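Enquirer: So I've got this file, final36.tsv, and it contains TSV, C-alpha atoms:
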chain	number	residue	atom	x	y	z
A	1	MET	CA	-8.12	-17.61	3.47
A	2	LEU	CA	-10.85	-20.17	2.77
A	3	ALA	CA	-14.35	-19.45	4.05
A	4	VAL	CA	-17.06	-22.10	4.35
A	5	GLU	CA	-20.44	-21.33	5.91
A	6	GLY	CA	-20.64	-22.37	9.55
A	7	ILE	CA	-16.85	-22.70	9.95
A	8	GLU	CA	-14.23	-20.16	10.94
A	9	PRO	CA	-12.10	-19.11	7.92
A	10	VAL	CA	-8.84	-21.04	7.64
A	11	ALA	CA	-5.53	-20.15	6.01
A	12	SER	CA	-4.64	-21.91	2.76
A	13	PRO	CA	-0.84	-22.09	2.27
A	14	VAL	CA	-1.26	-23.41	-1.29
A	15	HIS	CA	-3.74	-21.79	-3.68
A	16	HIS	CA	-2.79	-22.65	-7.25
A	17	LEU	CA	-4.84	-21.85	-10.34
A	18	LEU	CA	-5.07	-24.86	-12.66
A	19	ASP	CA	-5.52	-24.80	-16.43
A	20	ASP	CA	-8.96	-26.40	-16.18
A	21	GLY	CA	-10.38	-23.38	-14.34
A	22	SER	CA	-10.18	-24.59	-10.76
A	23	PHE	CA	-8.02	-23.79	-7.76
A	24	ALA	CA	-5.97	-26.42	-5.95
A	25	ILE	CA	-5.86	-25.38	-2.31
A	26	THR	CA	-4.68	-26.86	0.97
A	27	VAL	CA	-6.34	-26.86	4.41
A	28	PRO	CA	-5.38	-28.59	7.68
A	29	ALA	CA	-5.95	-32.33	7.40
A	30	CYS	CA	-7.40	-32.49	10.92
A	31	GLY	CA	-9.57	-29.38	10.55
A	32	PRO	CA	-13.34	-28.92	10.25
A	33	VAL	CA	-13.27	-28.18	6.49
A	34	ARG	CA	-12.07	-31.66	5.64
A	35	SER	CA	-14.55	-33.22	8.07
A	36	LEU	CA	-17.41	-31.32	6.44
A	37	LEU	CA	-16.28	-32.42	2.97
A	38	GLN	CA	-16.08	-36.05	4.01
A	39	SER	CA	-19.68	-35.93	5.21
A	40	SER	CA	-20.92	-34.04	2.12
A	41	GLY	CA	-19.83	-36.73	-0.34
A	42	ALA	CA	-19.39	-36.06	-4.05
A	43	ALA	CA	-21.58	-32.94	-3.94
A	44	GLY	CA	-18.95	-30.93	-2.08
A	45	VAL	CA	-19.69	-27.62	-0.35
A	46	GLN	CA	-19.85	-23.95	-1.36
A	47	ALA	CA	-16.77	-21.95	-0.39
A	48	VAL	CA	-15.02	-18.64	-0.98
A	49	LEU	CA	-11.26	-18.27	-1.37
A	50	GLU	CA	-10.11	-14.78	-0.39
A	51	LEU	CA	-6.73	-13.58	-1.68
A	52	THR	CA	-5.24	-10.44	-0.10
A	53	ASP	CA	-2.63	-8.32	-1.86
A	54	TYR	CA	-0.47	-6.49	0.70
A	55	ALA	CA	1.74	-3.52	-0.15
A	56	PRO	CA	5.47	-4.17	0.38
A	57	LEU	CA	5.78	-0.96	2.43
A	58	PRO	CA	4.59	-0.27	6.01
A	59	LEU	CA	1.57	1.78	4.97
A	60	ARG	CA	-1.20	3.01	7.24
A	61	GLU	CA	-3.55	0.68	5.33
A	62	PRO	CA	-1.43	-2.17	3.93
A	63	VAL	CA	-4.08	-3.90	1.77
A	64	ARG	CA	-3.85	-2.93	-1.91
A	65	SER	CA	-6.54	-5.22	-3.29
A	66	LEU	CA	-8.69	-8.28	-2.62
A	67	VAL	CA	-9.81	-11.16	-4.82
A	68	TRP	CA	-12.80	-13.35	-3.96
A	69	VAL	CA	-13.09	-16.68	-5.75
A	70	ARG	CA	-16.44	-18.37	-5.17
A	71	GLY	CA	-17.14	-21.96	-6.11
A	72	ARG	CA	-17.74	-25.53	-5.04
A	73	LEU	CA	-15.12	-27.21	-2.89
A	74	GLN	CA	-14.45	-30.90	-3.45
A	75	GLN	CA	-11.99	-33.55	-2.39
A	76	VAL	CA	-9.23	-34.67	-4.74
A	77	PRO	CA	-9.54	-38.39	-5.57
A	78	ALA	CA	-6.68	-40.44	-4.12
A	79	GLU	CA	-5.61	-41.75	-7.54
A	80	THR	CA	-5.11	-38.20	-8.92
A	81	LEU	CA	-3.47	-36.69	-5.84
A	82	ALA	CA	0.18	-37.52	-6.62
A	83	PRO	CA	0.05	-36.42	-10.29
A	84	LEU	CA	-1.67	-33.19	-9.28
A	85	LEU	CA	0.98	-32.44	-6.65
A	86	ASP	CA	3.71	-33.06	-9.24
A	87	LEU	CA	1.98	-30.72	-11.70
A	88	ILE	CA	1.71	-27.93	-9.11
A	89	ALA	CA	5.31	-28.40	-7.99
A	90	THR	CA	6.64	-28.03	-11.55
A	91	GLN	CA	4.88	-24.66	-11.89
A	92	ASP	CA	5.27	-23.42	-8.31
A	93	PRO	CA	7.63	-25.38	-6.02
A	94	ASN	CA	5.93	-24.22	-2.84
A	95	PRO	CA	7.54	-25.84	0.25
A	96	ALA	CA	4.04	-26.18	1.75
A	97	LEU	CA	3.36	-28.96	-0.76
A	98	LEU	CA	5.63	-31.19	1.31
A	99	GLN	CA	3.07	-31.03	4.14
A	100	VAL	CA	0.25	-32.46	2.03
A	101	ASN	CA	-0.87	-35.81	3.35
A	102	THR	CA	-0.66	-38.50	0.65
A	103	GLY	CA	-1.17	-41.62	2.77
A	104	PRO	CA	-3.82	-43.12	5.04
A	105	GLU	CA	-2.27	-41.73	8.23
A	106	THR	CA	-2.93	-38.10	9.16
A	107	ALA	CA	-0.40	-36.05	11.14
A	108	ASP	CA	-1.50	-33.08	13.24
A	109	ASP	CA	0.58	-30.65	11.15
A	110	SER	CA	-0.31	-32.09	7.74
A	111	TYR	CA	-2.58	-30.63	5.07
A	112	VAL	CA	-5.04	-32.05	2.58
A	113	LEU	CA	-5.27	-30.96	-1.04
A	114	LEU	CA	-8.71	-29.86	-2.25
A	115	ARG	CA	-10.10	-28.48	-5.49
A	116	LEU	CA	-12.31	-25.39	-5.77
A	117	GLU	CA	-14.38	-25.37	-8.97
A	118	ILE	CA	-14.68	-21.67	-9.85
A	119	GLU	CA	-18.13	-20.14	-10.27
A	120	SER	CA	-17.28	-16.42	-9.99
A	121	VAL	CA	-14.32	-14.11	-9.40
A	122	VAL	CA	-14.47	-10.55	-8.04
A	123	VAL	CA	-11.49	-8.19	-7.74
A	124	ALA	CA	-11.68	-5.13	-5.48
A	125	ASP	CA	-9.36	-2.22	-4.76
A	126	SER	CA	-9.73	1.42	-3.74
A	127	THR	CA	-11.49	2.25	-7.02
A	128	GLY	CA	-14.25	-0.33	-6.54
A	129	ALA	CA	-15.07	-3.97	-7.32
A	130	GLU	CA	-15.23	-5.71	-10.68
A	131	SER	CA	-16.26	-9.18	-11.82
A	132	VAL	CA	-13.70	-11.12	-13.85
A	133	SER	CA	-14.74	-13.87	-16.24
A	134	LEU	CA	-13.16	-17.30	-15.96
A	135	GLY	CA	-11.85	-16.97	-19.51
A	136	ALA	CA	-10.08	-13.69	-18.72
A	137	LEU	CA	-8.61	-15.22	-15.57
A	138	LEU	CA	-7.18	-18.20	-17.45
A	139	GLN	CA	-5.76	-16.00	-20.21
A	140	ALA	CA	-4.06	-13.59	-17.80
A	141	ARG	CA	-0.28	-13.73	-17.54
A	142	PRO	CA	2.00	-12.44	-14.77
A	143	ASP	CA	3.15	-8.85	-15.11
A	144	PRO	CA	6.79	-8.78	-16.33
A	145	PHE	CA	7.83	-6.87	-13.20
A	146	CYS	CA	5.86	-8.78	-10.55
A	147	ALA	CA	8.90	-10.57	-9.11
A	148	MET	CA	10.84	-7.30	-8.77
A	149	GLU	CA	8.07	-4.90	-7.77
A	150	SER	CA	8.45	-5.23	-3.99
A	151	CYS	CA	12.21	-4.57	-4.01
A	152	TRP	CA	11.84	-1.64	-6.40
A	153	LEU	CA	9.11	0.03	-4.34
A	154	GLN	CA	11.10	-0.42	-1.13
A	155	HIS	CA	14.21	1.01	-2.79
A	156	MET	CA	12.24	3.93	-4.23
A	157	GLU	CA	10.82	4.72	-0.78
A	158	ALA	CA	14.16	4.46	1.01
A	159	ALA	CA	16.65	5.88	-1.46
A	160	HIS	CA	14.80	7.80	-4.17
A	161	ARG	CA	12.33	10.11	-2.50
A	162	ASP	CA	13.23	12.61	-5.22
A	163	VAL	CA	11.61	10.30	-7.78
A	164	VAL	CA	8.46	10.02	-5.66
A	165	GLU	CA	8.34	13.80	-5.26
A	166	ARG	CA	8.70	14.33	-9.00
A	167	LEU	CA	5.92	11.83	-9.68
A	168	ALA	CA	3.78	13.59	-7.07
A	169	THR	CA	3.78	16.72	-9.23
A	170	ARG	CA	1.46	14.81	-11.58
A	171	LEU	CA	-1.18	14.47	-8.87
A	172	PRO	CA	-4.29	16.66	-8.66
A	173	MET	CA	-3.63	19.77	-6.57
A	174	ALA	CA	-6.03	18.61	-3.84
A	175	LEU	CA	-3.88	15.52	-3.20
A	176	ARG	CA	-0.44	17.12	-3.06
A	177	HIS	CA	-0.58	18.02	0.62
A	178	GLY	CA	-0.47	14.52	2.10
A	179	ARG	CA	2.32	12.00	2.49
A	180	VAL	CA	2.95	10.39	-0.89
A	181	ARG	CA	4.12	6.76	-0.91
A	182	PRO	CA	4.90	4.40	-3.81
A	183	LEU	CA	2.13	1.78	-3.86
A	184	GLY	CA	2.41	-0.23	-7.06
A	185	LEU	CA	4.39	-0.66	-10.25
A	186	ASP	CA	3.47	-2.68	-13.35
A	187	ARG	CA	3.73	-2.54	-17.11
A	188	TYR	CA	0.84	-0.09	-17.32
A	189	GLY	CA	1.95	2.57	-14.83
A	190	VAL	CA	2.81	3.62	-11.29
A	191	GLN	CA	0.45	3.75	-8.34
A	192	LEU	CA	0.87	6.24	-5.52
A	193	ARG	CA	-0.79	6.23	-2.09
A	194	ILE	CA	-1.51	9.64	-0.56
A	195	GLU	CA	-1.96	9.51	3.21
A	196	ASN	CA	-3.50	12.65	4.68
A	197	ALA	CA	-5.85	13.76	7.43
A	198	ASP	CA	-9.05	12.84	5.58
A	199	GLY	CA	-7.94	9.30	4.71
A	200	ASP	CA	-5.99	7.44	2.07
A	201	HIS	CA	-6.21	8.07	-1.67
A	202	ASP	CA	-4.75	5.84	-4.40
A	203	VAL	CA	-3.87	7.33	-7.78
A	204	ARG	CA	-2.56	5.55	-10.87
A	205	LEU	CA	-0.20	7.42	-13.18
A	206	PRO	CA	-0.45	5.54	-16.50
A	207	PHE	CA	2.43	5.17	-18.91
A	208	ALA	CA	1.97	6.44	-22.47
A	209	LYS	CA	2.05	2.80	-23.57
A	210	PRO	CA	2.58	-0.57	-21.82
A	211	VAL	CA	6.22	-1.56	-21.26
A	212	ASP	CA	7.75	-5.03	-21.28
A	213	ASP	CA	11.35	-4.66	-20.09
A	214	VAL	CA	13.52	-2.67	-17.68
A	215	THR	CA	14.72	-0.29	-20.39
A	216	GLY	CA	11.17	0.58	-21.37
A	217	LEU	CA	10.16	0.93	-17.71
A	218	ASN	CA	13.04	3.29	-17.00
A	219	GLN	CA	12.09	5.49	-19.93
A	220	ALA	CA	8.39	5.46	-19.06
A	221	ILE	CA	9.09	6.58	-15.48
A	222	ARG	CA	11.36	9.36	-16.75
A	223	ILE	CA	8.57	10.58	-19.00
A	224	LEU	CA	6.19	10.66	-16.03
A	225	MET	CA	8.81	12.62	-14.06
A	226	GLY	CA	9.18	15.12	-16.87
A	227	CYS	CA	12.86	14.28	-17.30
A	228	PRO	CA	14.30	15.70	-20.57
A	229	PHE	CA	16.89	12.92	-20.80
A	230	LEU	CA	14.67	9.93	-21.49
A	231	ASN	CA	17.53	7.45	-21.68
A	232	GLY	CA	19.19	8.68	-18.50
A	233	LEU	CA	22.03	10.39	-20.41
A	234	ARG	CA	23.32	13.88	-19.90
A	235	ALA	CA	23.05	16.25	-22.82
A	236	LYS	CA	26.22	16.49	-24.87
A	237	ARG	CA	27.95	19.82	-25.08
A	238	VAL	CA	28.57	21.13	-28.59
Will you turn the file into structure tokens for me?
Expert:
Amino acid sequence: MLAVEGIEPVASPVHHLLDDGSFAITVPACGPVRSLLQSSGAAGVQAVLELTDYAPLPLREPVRSLVWVRGRLQQVPAETLAPLLDLIATQDPNPALLQVNTGPETADDSYVLLRLEIESVVVADSTGAESVSLGALLQARPDPFCAMESCWLQHMEAAHRDVVERLATRLPMALRHGRVRPLGLDRYGVQLRIENADGDHDVRLPFAKPVDDVTGLNQAIRILMGCPFLNGLRAKRV
């Protein structure tokens, strides 16, 4: 969602971080954001891009984290529009890019591509909020399991409650009486959501060391579970 003072927040189907430290975003071509930008000229306007991370399970509170990107919103010059769209498409072939208006005529269902020059970034989850520097943001790389996380968590919830229950034994005693749900999975550990009468509580169970592949992830989870067969093999009889 893109928020500009004096205008209702609007959805942004494309929000792509560029190497120069700005976000390329899209808004409706016939909406008030574009009209405000056209009247503001080269100065642009202050705006906040809000990114919401939703859990892949039907939790009581589905939001896992929020990111607020504050900066100055500006129009993309016509001569750089096509190359910028090509650049974004090579990195993220989002079908919504096909709706970006590249000509003089504006359709009711088309979008316009804008650029948000980043001034600050804040990330918030159940543990609190933290400022992230632009340098750290540009150096960050996707977690090796990000594309598979949703399917794994859904499968764990539906078919491997025994794994969740074993992981729950690592929780503080005060949190073992609620409903434990798998919330997150990355190279650093597993997150669990405990839903009970006094609210929701998120707990991270860290791995002994970061993992980079499925084999390492499997072993790390088995260690958290207290499984004696770290490679998933039965003990040999002698």
Enquirer: Using only C-alpha atoms, give me every residue within 10 Å of (3.3, 4.5, -9.7) in file coordinates, as a count of residues only.
Expert: 24
Enquirer: List the neighbours of range 11-19 of chain A out to 12 Å using only C-alpha atoms; skip same-chain residues closer than 2 positions along the sequence, and give me the result as a PDB file with C-alpha atoms, in the coordinates of the input.
Expert:
ATOM      1  CA  MET A   1      -8.120 -17.610   3.470  1.00  0.00           C
ATOM      2  CA  LEU A   2     -10.850 -20.170   2.770  1.00  0.00           C
ATOM      3  CA  ALA A   3     -14.350 -19.450   4.050  1.00  0.00           C
ATOM      4  CA  VAL A   4     -17.060 -22.100   4.350  1.00  0.00           C
ATOM      5  CA  GLU A   8     -14.230 -20.160  10.940  1.00  0.00           C
ATOM      6  CA  PRO A   9     -12.100 -19.110   7.920  1.00  0.00           C
ATOM      7  CA  GLY A  21     -10.380 -23.380 -14.340  1.00  0.00           C
ATOM      8  CA  SER A  22     -10.180 -24.590 -10.760  1.00  0.00           C
ATOM      9  CA  PHE A  23      -8.020 -23.790  -7.760  1.00  0.00           C
ATOM     10  CA  ALA A  24      -5.970 -26.420  -5.950  1.00  0.00           C
ATOM     11  CA  ILE A  25      -5.860 -25.380  -2.310  1.00  0.00           C
ATOM     12  CA  THR A  26      -4.680 -26.860   0.970  1.00  0.00           C
ATOM     13  CA  VAL A  27      -6.340 -26.860   4.410  1.00  0.00           C
ATOM     14  CA  PRO A  28      -5.380 -28.590   7.680  1.00  0.00           C
ATOM     15  CA  ALA A  29      -5.950 -32.330   7.400  1.00  0.00           C
ATOM     16  CA  GLY A  31      -9.570 -29.380  10.550  1.00  0.00           C
ATOM     17  CA  VAL A  33     -13.270 -28.180   6.490  1.00  0.00           C
ATOM     18  CA  VAL A  48     -15.020 -18.640  -0.980  1.00  0.00           C
ATOM     19  CA  LEU A  49     -11.260 -18.270  -1.370  1.00  0.00           C
ATOM     20  CA  GLU A  50     -10.110 -14.780  -0.390  1.00  0.00           C
ATOM     21  CA  LEU A  51      -6.730 -13.580  -1.680  1.00  0.00           C
ATOM     22  CA  THR A  52      -5.240 -10.440  -0.100  1.00  0.00           C
ATOM     23  CA  VAL A  69     -13.090 -16.680  -5.750  1.00  0.00           C
ATOM     24  CA  LEU A  84      -1.670 -33.190  -9.280  1.00  0.00           C
ATOM     25  CA  LEU A  85       0.980 -32.440  -6.650  1.00  0.00           C
ATOM     26  CA  LEU A  87       1.980 -30.720 -11.700  1.00  0.00           C
ATOM     27  CA  ILE A  88       1.710 -27.930  -9.110  1.00  0.00           C
ATOM     28  CA  ALA A  89       5.310 -28.400  -7.990  1.00  0.00           C
ATOM     29  CA  THR A  90       6.640 -28.030 -11.550  1.00  0.00           C
ATOM     30  CA  GLN A  91       4.880 -24.660 -11.890  1.00  0.00           C
ATOM     31  CA  ASP A  92       5.270 -23.420  -8.310  1.00  0.00           C
ATOM     32  CA  PRO A  93       7.630 -25.380  -6.020  1.00  0.00           C
ATOM     33  CA  ASN A  94       5.930 -24.220  -2.840  1.00  0.00           C
ATOM     34  CA  PRO A  95       7.540 -25.840   0.250  1.00  0.00           C
ATOM     35  CA  ALA A  96       4.040 -26.180   1.750  1.00  0.00           C
ATOM     36  CA  LEU A  97       3.360 -28.960  -0.760  1.00  0.00           C
ATOM     37  CA  LEU A  98       5.630 -31.190   1.310  1.00  0.00           C
ATOM     38  CA  GLN A  99       3.070 -31.030   4.140  1.00  0.00           C
ATOM     39  CA  VAL A 100       0.250 -32.460   2.030  1.00  0.00           C
ATOM     40  CA  SER A 110      -0.310 -32.090   7.740  1.00  0.00           C
ATOM     41  CA  TYR A 111      -2.580 -30.630   5.070  1.00  0.00           C
ATOM     42  CA  VAL A 112      -5.040 -32.050   2.580  1.00  0.00           C
ATOM     43  CA  LEU A 113      -5.270 -30.960  -1.040  1.00  0.00           C
ATOM     44  CA  LEU A 114      -8.710 -29.860  -2.250  1.00  0.00           C
ATOM     45  CA  ARG A 115     -10.100 -28.480  -5.490  1.00  0.00           C
ATOM     46  CA  LEU A 116     -12.310 -25.390  -5.770  1.00  0.00           C
ATOM     47  CA  GLU A 117     -14.380 -25.370  -8.970  1.00  0.00           C
ATOM     48  CA  ILE A 118     -14.680 -21.670  -9.850  1.00  0.00           C
ATOM     49  CA  LEU A 134     -13.160 -17.300 -15.960  1.00  0.00           C
ATOM     50  CA  GLY A 135     -11.850 -16.970 -19.510  1.00  0.00           C
ATOM     51  CA  LEU A 137      -8.610 -15.220 -15.570  1.00  0.00           C
ATOM     52  CA  LEU A 138      -7.180 -18.200 -17.450  1.00  0.00           C
ATOM     53  CA  GLN A 139      -5.760 -16.000 -20.210  1.00  0.00           C
ATOM     54  CA  ALA A 140      -4.060 -13.590 -17.800  1.00  0.00           C
ATOM     55  CA  ARG A 141      -0.280 -13.730 -17.540  1.00  0.00           C
TER      56      ARG A 141
END
Enquirer: Considering all atoms listed in the file, state which residue in the set A:Leu36, A:Gly6, A:Leu81, A:Pro58 is at the smallest distance from Glu157 in chain A.
Expert: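 Checking each of A:Leu36, A:Gly6, A:Leu81, A:Pro58 against Glu157 in chain A, counting all atoms listed in the file, the winner is A:Pro58.
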Enquirer: What's the separation between CA of Ile223 in chain A and CA of Tyr54 in chain A, in Å to one decimal place?
Expert: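 CA of Tyr54 in chain A lies at a distance of 27.6 Å from CA of Ile223 in chain A.
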Enquirer: List as a PyMOL selection string the protein and nucleic acid residues near Ala220 in chain A, meaning an atom at most 9 Å away when only C-alpha atoms are counted, but skip any in the same chain fewer than 2 places from it.
Expert: chain A and resi 189+207-211+215-218+222-225+230
Enquirer: As an exercise, work out the distance from CA of Thr80 in chain A to CA of Gly103 in chain A in Å and give it to one decimal place.
Expert: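 So the answer is 12.8 Å.
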Enquirer: How about completing range 191-207 of chain A with N, CA, C and O atoms and giving it to me as a JSON list (two decimals), keeping the file's coordinate frame?
Expert:
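The new file result_13.json reads:
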[["chain", "number", "residue", "atom", "x", "y", "z"],
["A", 191, "GLN", "N", 1.49, 3.38, -9.28],
["A", 191, "GLN", "CA", 0.45, 3.75, -8.34],
["A", 191, "GLN", "C", 1.07, 4.43, -7.14],
["A", 191, "GLN", "O", 2.09, 3.98, -6.60],
["A", 192, "LEU", "N", 0.43, 5.51, -6.70],
["A", 192, "LEU", "CA", 0.87, 6.24, -5.52],
["A", 192, "LEU", "C", -0.24, 6.22, -4.47],
["A", 192, "LEU", "O", -1.42, 6.27, -4.80],
["A", 193, "ARG", "N", 0.15, 6.14, -3.21],
["A", 193, "ARG", "CA", -0.79, 6.23, -2.09],
["A", 193, "ARG", "C", -0.55, 7.57, -1.40],
["A", 193, "ARG", "O", 0.58, 7.89, -1.02],
["A", 194, "ILE", "N", -1.60, 8.36, -1.25],
["A", 194, "ILE", "CA", -1.51, 9.64, -0.56],
["A", 194, "ILE", "C", -2.19, 9.49, 0.79],
["A", 194, "ILE", "O", -3.40, 9.24, 0.87],
["A", 195, "GLU", "N", -1.43, 9.61, 1.85],
["A", 195, "GLU", "CA", -1.96, 9.51, 3.21],
["A", 195, "GLU", "C", -2.09, 10.92, 3.77],
["A", 195, "GLU", "O", -1.09, 11.62, 3.95],
["A", 196, "ASN", "N", -3.32, 11.35, 4.05],
["A", 196, "ASN", "CA", -3.50, 12.65, 4.68],
["A", 196, "ASN", "C", -4.58, 12.59, 5.74],
["A", 196, "ASN", "O", -5.08, 11.50, 6.07],
["A", 197, "ALA", "N", -4.96, 13.73, 6.28],
["A", 197, "ALA", "CA", -5.85, 13.76, 7.43],
["A", 197, "ALA", "C", -7.24, 13.21, 7.13],
["A", 197, "ALA", "O", -7.91, 12.68, 8.03],
["A", 198, "ASP", "N", -7.69, 13.31, 5.89],
["A", 198, "ASP", "CA", -9.05, 12.84, 5.58],
["A", 198, "ASP", "C", -9.07, 11.42, 5.03],
["A", 198, "ASP", "O", -10.09, 10.97, 4.51],
["A", 199, "GLY", "N", -7.96, 10.69, 5.14],
["A", 199, "GLY", "CA", -7.94, 9.30, 4.71],
["A", 199, "GLY", "C", -6.86, 9.02, 3.68],
["A", 199, "GLY", "O", -5.96, 9.84, 3.46],
["A", 200, "ASP", "N", -6.96, 7.86, 3.07],
["A", 200, "ASP", "CA", -5.99, 7.44, 2.07],
["A", 200, "ASP", "C", -6.60, 7.55, 0.67],
["A", 200, "ASP", "O", -7.78, 7.26, 0.47],
["A", 201, "HIS", "N", -5.75, 7.94, -0.29],
["A", 201, "HIS", "CA", -6.21, 8.07, -1.67],
["A", 201, "HIS", "C", -5.17, 7.41, -2.57],
["A", 201, "HIS", "O", -3.98, 7.70, -2.48],
["A", 202, "ASP", "N", -5.64, 6.53, -3.45],
["A", 202, "ASP", "CA", -4.75, 5.84, -4.40],
["A", 202, "ASP", "C", -4.94, 6.44, -5.79],
["A", 202, "ASP", "O", -6.08, 6.61, -6.25],
["A", 203, "VAL", "N", -3.83, 6.74, -6.44],
["A", 203, "VAL", "CA", -3.87, 7.33, -7.78],
["A", 203, "VAL", "C", -2.92, 6.56, -8.69],
["A", 203, "VAL", "O", -1.78, 6.28, -8.32],
["A", 204, "ARG", "N", -3.40, 6.20, -9.87],
["A", 204, "ARG", "CA", -2.56, 5.55, -10.87],
["A", 204, "ARG", "C", -2.10, 6.58, -11.89],
["A", 204, "ARG", "O", -2.90, 7.33, -12.43],
["A", 205, "LEU", "N", -0.79, 6.60, -12.13],
["A", 205, "LEU", "CA", -0.20, 7.42, -13.18],
["A", 205, "LEU", "C", 0.14, 6.50, -14.34],
["A", 205, "LEU", "O", 1.11, 5.75, -14.27],
["A", 206, "PRO", "N", -0.66, 6.50, -15.40],
["A", 206, "PRO", "CA", -0.45, 5.54, -16.50],
["A", 206, "PRO", "C", 0.72, 5.94, -17.39],
["A", 206, "PRO", "O", 0.99, 7.13, -17.59],
["A", 207, "PHE", "N", 1.40, 4.94, -17.91],
["A", 207, "PHE", "CA", 2.43, 5.17, -18.91],
["A", 207, "PHE", "C", 1.75, 5.50, -20.25],
["A", 207, "PHE", "O", 0.58, 5.16, -20.47]]
